[in-house]
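Written out below as structure tokens is the structure these notes cover.
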Amino acid sequence: MPLRRSGPARRTFPAAAGTLLSLSALVLPLALPGTAAAAGGGKEPAHPEQDWMGSTIAAHEGVDRAGGSDTQASPSASSVEGVDVSSHNGNVGWSALRTSGVRFAYVKATEGTTYKNPYFTQQYRGSYDADIIHGAYHFALPDHSSGASQATYFAGHGGAWSKDGKTLPGALDMEYNPYGETCYGKSTSAMIQWIADFVTTYRAKTGRDAVIYTSTNWWTKCTGNSSKFGKTNPLWVPRYGSSVGTLPAGWPYQTIWQYTSTGPTVGDHNRFNGSLTRLKALANG
């Protein structure tokens with residue numbers, strides 16, 4: 001069940017609509033990617049600019065099976081609108097998104113141990129400057145290098161956390177392999193261990209438990225529907241339609257729902273499962 005790990009003391013506590021939060025006293029500066037050459041140790045991805053959060057989901061799972069289309073549920077009073085972006089979005093108009101109601105954003109920082117999003121500074125700093133709560137995410141390639149090495153690379157190239165009230169914990173993007181076999185050639189037990197190595201290392205580096213982004217179908221196939229991470233790592237689930245659907249094992253609720261890939265301005269839109277106050281609490285740790 002929950003991971004047992006050393007590190008800064010923390011407690012979890014319930015939030016509005018069941019949001020999982022984690023407490024940490026570690027304070028780090030606002031992080032932007034470094035300029036040094038990429039640290040080695042893994043294969044270089046062939047087309048990282050084509051890999052973004054959910055880029056493989058619609059191709060493998062389609063959209064709302066009930067409605068048959070990318071039907072979007074009406075937002076509730078206890079949810080907060082957000083977006084996620086990567087290099088394929090280019091320079092993002094953050095002021096317009098802020099005016100439209102977007103209050104949080106996740107930006108792709110890294111993939112594997114060699115790729116850094118060339119638009120990261122504009123997207124990450126730009127969202128912050130537009131008074132949008134922001135976070136960074138890592139596109140996982142479990143067959144390229146170890147979970148620990150990818151977490152270290154991510155934390156050092158944009159994925160660090162700052163207790164500034166506007167920075168969310170980093171997110172680990174676990175989805176279908178854009179380069180080959182669905183589960184990256186790993187058994188369910190090996191995949192669980194890879195994810196555990198990533199989140200344990202990320203917590204040691206930042207003091208925060210990483211958000212895990214994954215679909216129920218991929219998680220079931222590639223981890224055997226493991227319930228190992230539900231007590232420690234907030235869930236971000238994609239399902240493009242009118243409801244969030246069935247969640248992976250171990251998570252009684254989602255913290256974030258990616259509900260469409262065809263929303264206005266940037267495509268990927270999300271809903272935080274709670275009020276703006278709870279979103280700020282997650283950012284504050």
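By order of appearance in the structure tokens: chains A, B, ..., then residues from 1 within every chain, and ligands from 1 in the order shown.
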TODO: Check range 76-253 of chain A with DSSP on the backbone and list each residue it calls strand (DSSP E or B), as a PyMOL selection string.
DONE: chain A and resi 79-85+104-111+115-116+133-139+167+171-173+211-213+235-238
N, CA and C atoms of the current selection, written as a tab-separated table (two decimals), in the first residue's frame:
chain	number	residue	atom	x	y	z
A	79	SER	N	-14.77	23.30	-8.33
A	79	SER	CA	-13.67	22.92	-9.21
A	79	SER	C	-12.98	24.18	-9.73
A	80	VAL	N	-11.73	24.00	-10.16
A	80	VAL	CA	-10.94	25.12	-10.67
A	80	VAL	C	-10.40	24.75	-12.04
A	81	GLU	N	-10.52	25.65	-12.98
A	81	GLU	CA	-10.09	25.40	-14.36
A	81	GLU	C	-8.58	25.55	-14.52
A	82	GLY	N	-8.00	24.61	-15.29
A	82	GLY	CA	-6.57	24.66	-15.55
A	82	GLY	C	-6.25	24.17	-16.95
A	83	VAL	N	-4.99	24.30	-17.34
A	83	VAL	CA	-4.51	23.81	-18.63
A	83	VAL	C	-3.17	23.12	-18.43
A	84	ASP	N	-2.77	22.34	-19.43
A	84	ASP	CA	-1.39	21.85	-19.48
A	84	ASP	C	-0.84	22.09	-20.88
A	85	VAL	N	0.46	22.41	-20.94
A	85	VAL	CA	1.08	22.81	-22.21
A	85	VAL	C	2.45	22.16	-22.34
A	104	PHE	N	-4.81	27.57	-13.02
A	104	PHE	CA	-3.58	26.79	-12.82
A	104	PHE	C	-3.12	26.20	-14.15
A	105	ALA	N	-1.83	25.90	-14.21
A	105	ALA	CA	-1.24	25.36	-15.43
A	105	ALA	C	-0.07	24.45	-15.09
A	106	TYR	N	0.03	23.36	-15.82
A	106	TYR	CA	1.21	22.50	-15.77
A	106	TYR	C	1.95	22.60	-17.10
A	107	VAL	N	3.27	22.68	-17.01
A	107	VAL	CA	4.12	22.87	-18.18
A	107	VAL	C	5.08	21.69	-18.29
A	108	LYS	N	5.18	21.10	-19.46
A	108	LYS	CA	6.16	20.03	-19.65
A	108	LYS	C	7.56	20.61	-19.51
A	109	ALA	N	8.36	19.99	-18.65
A	109	ALA	CA	9.73	20.42	-18.46
A	109	ALA	C	10.71	19.49	-19.16
A	110	THR	N	10.52	18.17	-18.99
A	110	THR	CA	11.53	17.21	-19.42
A	110	THR	C	10.90	15.93	-19.94
A	111	GLU	N	11.75	15.15	-20.63
A	111	GLU	CA	11.41	13.80	-21.08
A	111	GLU	C	12.68	12.98	-21.04
A	115	TYR	N	16.01	15.52	-22.68
A	115	TYR	CA	15.20	16.55	-23.34
A	115	TYR	C	14.68	17.57	-22.35
A	116	LYS	N	14.82	18.85	-22.73
A	116	LYS	CA	14.22	19.98	-22.00
A	116	LYS	C	13.34	20.75	-22.98
A	133	ILE	N	-1.36	29.83	-10.94
A	133	ILE	CA	-0.60	28.84	-10.16
A	133	ILE	C	-0.05	27.80	-11.13
A	134	HIS	N	1.24	27.53	-11.04
A	134	HIS	CA	1.85	26.67	-12.06
A	134	HIS	C	2.60	25.50	-11.44
A	135	GLY	N	2.88	24.50	-12.29
A	135	GLY	CA	3.69	23.35	-11.93
A	135	GLY	C	4.34	22.81	-13.18
A	136	ALA	N	5.28	21.90	-13.01
A	136	ALA	CA	5.98	21.29	-14.12
A	136	ALA	C	5.69	19.80	-14.16
A	137	TYR	N	5.81	19.20	-15.36
A	137	TYR	CA	5.63	17.75	-15.45
A	137	TYR	C	6.72	17.11	-16.30
A	138	HIS	N	6.90	15.80	-16.06
A	138	HIS	CA	7.91	15.00	-16.74
A	138	HIS	C	7.23	13.90	-17.53
A	139	PHE	N	7.58	13.78	-18.81
A	139	PHE	CA	7.05	12.70	-19.65
A	139	PHE	C	7.96	11.49	-19.47
A	167	THR	N	3.33	27.49	-6.74
A	167	THR	CA	4.01	26.39	-7.43
A	167	THR	C	3.50	25.06	-6.92
A	171	ALA	N	4.64	16.72	-11.60
A	171	ALA	CA	3.78	15.61	-12.02
A	171	ALA	C	4.55	14.64	-12.90
A	172	LEU	N	4.27	13.36	-12.72
A	172	LEU	CA	4.86	12.28	-13.52
A	172	LEU	C	3.82	11.80	-14.52
A	173	ASP	N	4.12	11.96	-15.80
A	173	ASP	CA	3.20	11.58	-16.88
A	173	ASP	C	3.48	10.14	-17.30
A	211	VAL	N	2.62	14.30	-8.23
A	211	VAL	CA	1.33	13.95	-8.80
A	211	VAL	C	1.57	12.87	-9.86
A	212	ILE	N	0.71	11.88	-9.94
A	212	ILE	CA	0.81	10.86	-10.99
A	212	ILE	C	-0.33	11.06	-11.98
A	213	TYR	N	0.04	11.28	-13.24
A	213	TYR	CA	-0.93	11.38	-14.33
A	213	TYR	C	-0.97	10.03	-15.05
A	235	LEU	N	-3.69	11.94	-7.73
A	235	LEU	CA	-4.00	11.38	-9.04
A	235	LEU	C	-4.49	12.46	-10.00
A	236	TRP	N	-3.94	12.41	-11.20
A	236	TRP	CA	-4.41	13.25	-12.32
A	236	TRP	C	-4.84	12.27	-13.41
A	237	VAL	N	-6.11	12.25	-13.74
A	237	VAL	CA	-6.62	11.25	-14.67
A	237	VAL	C	-7.18	11.89	-15.93
A	238	PRO	N	-6.84	11.35	-17.12
A	238	PRO	CA	-7.44	11.84	-18.35
A	238	PRO	C	-8.66	11.02	-18.73
Open item on the list: At a cut-off of 8 Å, using only C-alpha atoms, what residues contact Ala249 in chain A? Leave out same-chain residues fewer than 4 positions from it and give the result as a ChimeraX atom specification.
Closed with: /A:225-227,230
- [ ] Excluding Leu97 in chain A and any residue of its chain fewer than 4 positions from it, enumerate the residues within 9 Å of it, using only C-alpha atoms, and give them as a VMD selection string.
- [x] chain A and resid 83 92 to 93 101 to 103 130 264 to 265
Keeping only C-alpha atoms, write those residues as a PDB file, in the first residue's frame.
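Dumped everything to selection-v9.pdb:
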ATOM      1  CA  VAL A  83      -4.510  23.814 -18.630  1.00  0.00           C
ATOM      2  CA  VAL A  92       1.310  30.740 -24.835  1.00  0.00           C
ATOM      3  CA  GLY A  93      -0.962  33.762 -24.331  1.00  0.00           C
ATOM      4  CA  GLY A 101     -10.895  31.750 -16.053  1.00  0.00           C
ATOM      5  CA  VAL A 102      -7.802  29.543 -16.064  1.00  0.00           C
ATOM      6  CA  ARG A 103      -6.234  29.522 -12.596  1.00  0.00           C
ATOM      7  CA  ALA A 130       0.046  36.106 -15.237  1.00  0.00           C
ATOM      8  CA  PRO A 264      -9.925  26.734 -26.275  1.00  0.00           C
ATOM      9  CA  THR A 265      -6.490  28.256 -26.927  1.00  0.00           C
TER      10      THR A 265
END
Open item on the list: Taking only C-alpha atoms into account, name the residue in A:Gly250, A:Ala160, A:Lys280, A:Trp219 that is nearest to Ile132 in chain A.
Closed with: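 Closest candidate: A:Lys280.
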- [ ] Work out how far CA of Arg98 in chain A is from CA of Gly156 in chain A, in Å to one decimal.
- [x]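 Going from CA of Gly156 in chain A over to CA of Arg98 in chain A, I get 27.9 Å.
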Task: Of the listed residues A:Gly207, A:Pro142, A:Pro118, A:Gly90, that which approaches Ala155 in chain A most closely, counting only C-alpha atoms - done: A:Gly207
Task: Selection near Ser95 in chain A, 9 Å with only C-alpha atoms, sequence-local residues under 5 positions removed, as a ChimeraX atom specification - done: /A:100,126-127,129-131
